[in-house]
>>> print(open('run01.cif').read())   # mmCIF, C-alpha atoms
data_final
#
loop_
_atom_site.group_PDB
_atom_site.id
_atom_site.type_symbol
_atom_site.label_atom_id
_atom_site.label_comp_id
_atom_site.auth_asym_id
_atom_site.auth_seq_id
_atom_site.Cartn_x
_atom_site.Cartn_y
_atom_site.Cartn_z
ATOM 1 C CA MET A 1 17.856 -29.665 5.148
ATOM 2 C CA VAL A 2 20.440 -26.985 5.524
ATOM 3 C CA ILE A 3 22.490 -27.563 8.671
ATOM 4 C CA GLY A 4 23.042 -24.575 10.931
ATOM 5 C CA MET A 5 20.247 -22.446 9.440
ATOM 6 C CA SER A 6 17.401 -21.101 11.528
ATOM 7 C CA THR A 7 13.805 -22.111 10.859
ATOM 8 C CA ALA A 8 13.034 -18.609 9.560
ATOM 9 C CA GLY A 9 16.044 -18.779 7.241
ATOM 10 C CA LYS A 10 14.906 -22.148 5.934
ATOM 11 C CA GLN A 11 11.423 -20.758 5.232
ATOM 12 C CA VAL A 12 12.900 -17.790 3.346
ATOM 13 C CA LEU A 13 15.048 -20.185 1.312
ATOM 14 C CA MET A 14 12.057 -22.422 0.580
ATOM 15 C CA TRP A 15 9.879 -19.502 -0.600
ATOM 16 C CA SER A 16 12.751 -18.170 -2.707
ATOM 17 C CA LEU A 17 13.031 -21.545 -4.422
ATOM 18 C CA VAL A 18 9.255 -21.633 -4.997
ATOM 19 C CA ALA A 19 9.364 -18.128 -6.515
ATOM 20 C CA CYS A 20 12.230 -19.151 -8.810
ATOM 21 C CA ALA A 21 10.325 -22.254 -9.929
ATOM 22 C CA ILE A 22 7.249 -20.153 -10.731
ATOM 23 C CA ALA A 23 9.372 -17.654 -12.674
ATOM 24 C CA ILE A 24 10.919 -20.469 -14.712
ATOM 25 C CA CYS A 25 7.459 -21.883 -15.489
ATOM 26 C CA VAL A 26 6.227 -18.466 -16.653
ATOM 27 C CA VAL A 27 9.217 -18.072 -18.962
ATOM 28 C CA LEU A 28 8.673 -21.548 -20.414
ATOM 29 C CA VAL A 29 4.944 -21.010 -20.957
ATOM 30 C CA CYS A 30 5.458 -17.626 -22.641
ATOM 31 C CA ASN A 31 7.874 -19.165 -25.118
ATOM 32 C CA THR A 32 5.534 -21.938 -26.253
ATOM 33 C CA PRO A 33 4.215 -22.092 -29.846
ATOM 34 C CA ALA A 34 0.771 -20.908 -28.703
ATOM 35 C CA PHE A 35 2.229 -17.525 -27.818
ATOM 36 C CA ALA A 36 4.443 -17.543 -30.899
ATOM 37 C CA GLY A 37 1.231 -17.993 -32.905
ATOM 38 C CA ASP A 38 0.153 -14.480 -31.919
ATOM 39 C CA GLU A 39 2.618 -13.041 -34.438
ATOM 40 C CA ALA A 40 1.344 -15.381 -37.157
ATOM 41 C CA GLY A 41 -2.238 -14.470 -36.215
ATOM 42 C CA LYS A 42 -1.444 -10.759 -36.420
ATOM 43 C CA LYS A 43 0.196 -11.178 -39.821
ATOM 44 C CA LYS A 44 -2.796 -13.094 -41.188
ATOM 45 C CA ALA A 45 -5.233 -10.612 -39.611
ATOM 46 C CA ASP A 46 -3.408 -7.704 -41.229
ATOM 47 C CA GLU A 47 -3.477 -9.476 -44.606
ATOM 48 C CA ALA A 48 -7.010 -10.865 -44.619
ATOM 49 C CA CYS A 49 -9.172 -9.200 -41.984
ATOM 50 C CA ALA A 50 -8.115 -5.588 -41.440
ATOM 51 C CA ALA A 51 -9.712 -4.271 -44.646
ATOM 52 C CA CYS A 52 -13.200 -4.898 -43.228
ATOM 53 C CA HIS A 53 -12.707 -5.355 -39.467
ATOM 54 C CA GLY A 54 -10.102 -2.615 -39.070
ATOM 55 C CA PRO A 55 -6.718 -2.621 -37.375
ATOM 56 C CA GLU A 56 -6.551 -5.242 -34.607
ATOM 57 C CA GLY A 57 -10.196 -6.094 -35.417
ATOM 58 C CA ASN A 58 -11.322 -3.044 -33.512
ATOM 59 C CA LYS A 59 -12.550 -0.558 -36.121
ATOM 60 C CA PRO A 60 -15.031 -2.105 -38.588
ATOM 61 C CA VAL A 61 -15.624 -0.181 -41.807
ATOM 62 C CA THR A 62 -19.429 -0.606 -41.737
ATOM 63 C CA PRO A 63 -21.966 -0.858 -38.914
ATOM 64 C CA ASP A 64 -22.817 -4.412 -40.058
ATOM 65 C CA THR A 65 -19.217 -5.614 -39.718
ATOM 66 C CA PRO A 66 -18.513 -6.938 -36.213
ATOM 67 C CA ARG A 67 -15.594 -6.053 -33.987
ATOM 68 C CA LEU A 68 -13.363 -9.071 -33.601
ATOM 69 C CA ALA A 69 -11.129 -7.640 -30.880
ATOM 70 C CA GLY A 70 -11.885 -9.116 -27.488
ATOM 71 C CA GLN A 71 -14.215 -11.835 -28.766
ATOM 72 C CA GLU A 72 -13.963 -15.236 -27.101
ATOM 73 C CA TYR A 73 -11.418 -17.606 -28.648
ATOM 74 C CA ALA A 74 -13.859 -20.536 -28.887
ATOM 75 C CA TYR A 75 -16.519 -18.351 -30.496
ATOM 76 C CA LEU A 76 -14.099 -17.121 -33.173
ATOM 77 C CA VAL A 77 -12.942 -20.672 -33.947
ATOM 78 C CA HIS A 78 -16.570 -21.801 -34.168
ATOM 79 C CA ALA A 79 -17.656 -18.855 -36.348
ATOM 80 C CA LEU A 80 -14.763 -19.248 -38.795
ATOM 81 C CA GLY A 81 -15.457 -22.989 -38.970
ATOM 82 C CA ALA A 82 -19.113 -22.272 -39.746
ATOM 83 C CA TYR A 83 -18.153 -19.892 -42.562
ATOM 84 C CA ARG A 84 -15.693 -22.474 -43.904
ATOM 85 C CA SER A 85 -18.292 -25.257 -43.907
ATOM 86 C CA GLY A 86 -21.111 -23.100 -45.259
ATOM 87 C CA ALA A 87 -23.206 -23.411 -42.089
ATOM 88 C CA ARG A 88 -23.073 -19.592 -41.830
ATOM 89 C CA ASP A 89 -24.125 -17.885 -45.025
ATOM 90 C CA ASN A 90 -22.058 -14.832 -45.949
ATOM 91 C CA ALA A 91 -20.375 -14.740 -49.349
ATOM 92 C CA VAL A 92 -17.544 -12.432 -48.273
ATOM 93 C CA MET A 93 -16.730 -14.340 -45.095
ATOM 94 C CA ALA A 94 -17.033 -17.709 -46.812
ATOM 95 C CA ALA A 95 -14.526 -16.580 -49.442
ATOM 96 C CA MET A 96 -12.150 -15.347 -46.738
ATOM 97 C CA ALA A 97 -12.525 -18.329 -44.391
ATOM 98 C CA LYS A 98 -12.524 -21.292 -46.796
ATOM 99 C CA PRO A 99 -8.805 -21.097 -47.685
ATOM 100 C CA LEU A 100 -7.754 -20.873 -44.016
ATOM 101 C CA THR A 101 -6.080 -23.892 -42.462
ATOM 102 C CA GLU A 102 -7.110 -25.135 -39.016
ATOM 103 C CA SER A 103 -3.862 -23.700 -37.688
ATOM 104 C CA GLU A 104 -4.577 -20.280 -39.215
ATOM 105 C CA VAL A 105 -8.091 -20.299 -37.731
ATOM 106 C CA ARG A 106 -6.634 -20.963 -34.269
ATOM 107 C CA GLU A 107 -3.933 -18.306 -34.761
ATOM 108 C CA LEU A 108 -6.501 -15.704 -35.834
ATOM 109 C CA ALA A 109 -8.804 -16.601 -32.949
ATOM 110 C CA ALA A 110 -5.919 -16.361 -30.473
ATOM 111 C CA TYR A 111 -4.826 -13.015 -31.887
ATOM 112 C CA PHE A 112 -8.258 -11.369 -31.917
ATOM 113 C CA SER A 113 -9.296 -12.768 -28.537
ATOM 114 C CA ALA A 114 -6.129 -11.264 -27.013
ATOM 115 C CA GLN A 115 -6.923 -7.766 -28.334
ATOM 116 C CA ARG A 116 -8.728 -5.234 -26.223
ATOM 117 C CA GLY A 117 -12.312 -4.884 -27.377
ATOM 118 C CA LEU A 118 -15.089 -2.588 -26.275
ATOM 119 C CA THR A 119 -15.542 -2.078 -22.583
ATOM 120 C CA ILE A 120 -18.662 -1.100 -20.689
ATOM 121 C CA LYS A 121 -18.409 1.771 -18.235
ATOM 122 C CA ARG A 122 -19.979 0.957 -14.898
#
>>> encode(input="run01.cif", output="structure tokens")
Amino acid sequence: MVIGMSTAGKQVLMWSLVACAIAICVVLVCNTPAFAGDEAGKKKADEACAACHGPEGNKPVTPDTPRLAGQEYAYLVHALGAYRSGARDNAVMAAMAKPLTESEVRELAAYFSAQRGLTIKR
């Protein structure tokens, strides 16, 4: 305890320390490899996916091509895994997905799931 400080002053000090701890945690989390993977995911998306799914996965070139932007991370990982294994049958997607590493699949899924997709007006 801090000697000679009022109870209110001690509470202000305590909450200031809590706020600093939270700020430090946010900085540490935002600098983890998962967030660094967004840049790798964007690079791979630009190289392999944009031709059909459009920039940021948000402007498909045909009505049959899905928007990837805003899709759930787990769904994208599952779908790419299914194309890689042959469980989903699409020659173009199988050819694109098979050479991807597990890390690239996760990076792409993280990138596309972080993009803003379609929204529904209410």
>>> atom_distance(input="run01.cif", atom1="atom CA of A:Phe112", atom2="atom CA of A:Lys44")
10.9 Å
>>> closest_residue(input="run01.cif", among="A:His78, A:Arg84, A:Arg67, A:Arg116", to="A:Cys49", atoms="only C-alpha atoms")
A:Arg67
>>> resolve_selection(input="run01.cif", expression="the PyMOL selection byres ((chain A and resi 100-111) around 6)", output="list in words")
Gly37, Asp38, Gly41, Tyr73, Leu76, Val77, Ala97, Lys98, Pro99, Phe112, Ser113 and Ala114 of chain A
>>> write_last_selection(input="run01.cif", atoms="C-alpha atoms", output="mmCIF file, in the frame of the given file")
data_model
loop_
_atom_site.group_PDB
_atom_site.id
_atom_site.type_symbol
_atom_site.label_atom_id
_atom_site.label_comp_id
_atom_site.auth_asym_id
_atom_site.auth_seq_id
_atom_site.Cartn_x
_atom_site.Cartn_y
_atom_site.Cartn_z
ATOM 1 C CA GLY A 37 1.231 -17.993 -32.905
ATOM 2 C CA ASP A 38 0.153 -14.480 -31.919
ATOM 3 C CA GLY A 41 -2.238 -14.470 -36.215
ATOM 4 C CA TYR A 73 -11.418 -17.606 -28.648
ATOM 5 C CA LEU A 76 -14.099 -17.121 -33.173
ATOM 6 C CA VAL A 77 -12.942 -20.672 -33.947
ATOM 7 C CA ALA A 97 -12.525 -18.329 -44.391
ATOM 8 C CA LYS A 98 -12.524 -21.292 -46.796
ATOM 9 C CA PRO A 99 -8.805 -21.097 -47.685
ATOM 10 C CA PHE A 112 -8.258 -11.369 -31.917
ATOM 11 C CA SER A 113 -9.296 -12.768 -28.537
ATOM 12 C CA ALA A 114 -6.129 -11.264 -27.013
#
>>> atom_distance(input="run01.cif", atom1="atom CA of A:Thr62", atom2="atom CA of A:Ala82")
21.8 Å
>>> closest_residue(input="run01.cif", among="A:Gly70, A:Gly81, A:Pro63, A:Pro55", to="A:Lys43", atoms="only C-alpha atoms")
A:Pro55
>>> closest_residue(input="run01.cif", among="A:Ala45, A:Cys52, A:Ala40, A:Ile3", to="A:Pro66", atoms="all atoms listed in the file")
A:Cys52
>>> closest_residue(input="run01.cif", among="A:Gly86, A:Leu118, A:Thr65, A:Tyr75", to="A:Ala51", atoms="only C-alpha atoms")
A:Thr65
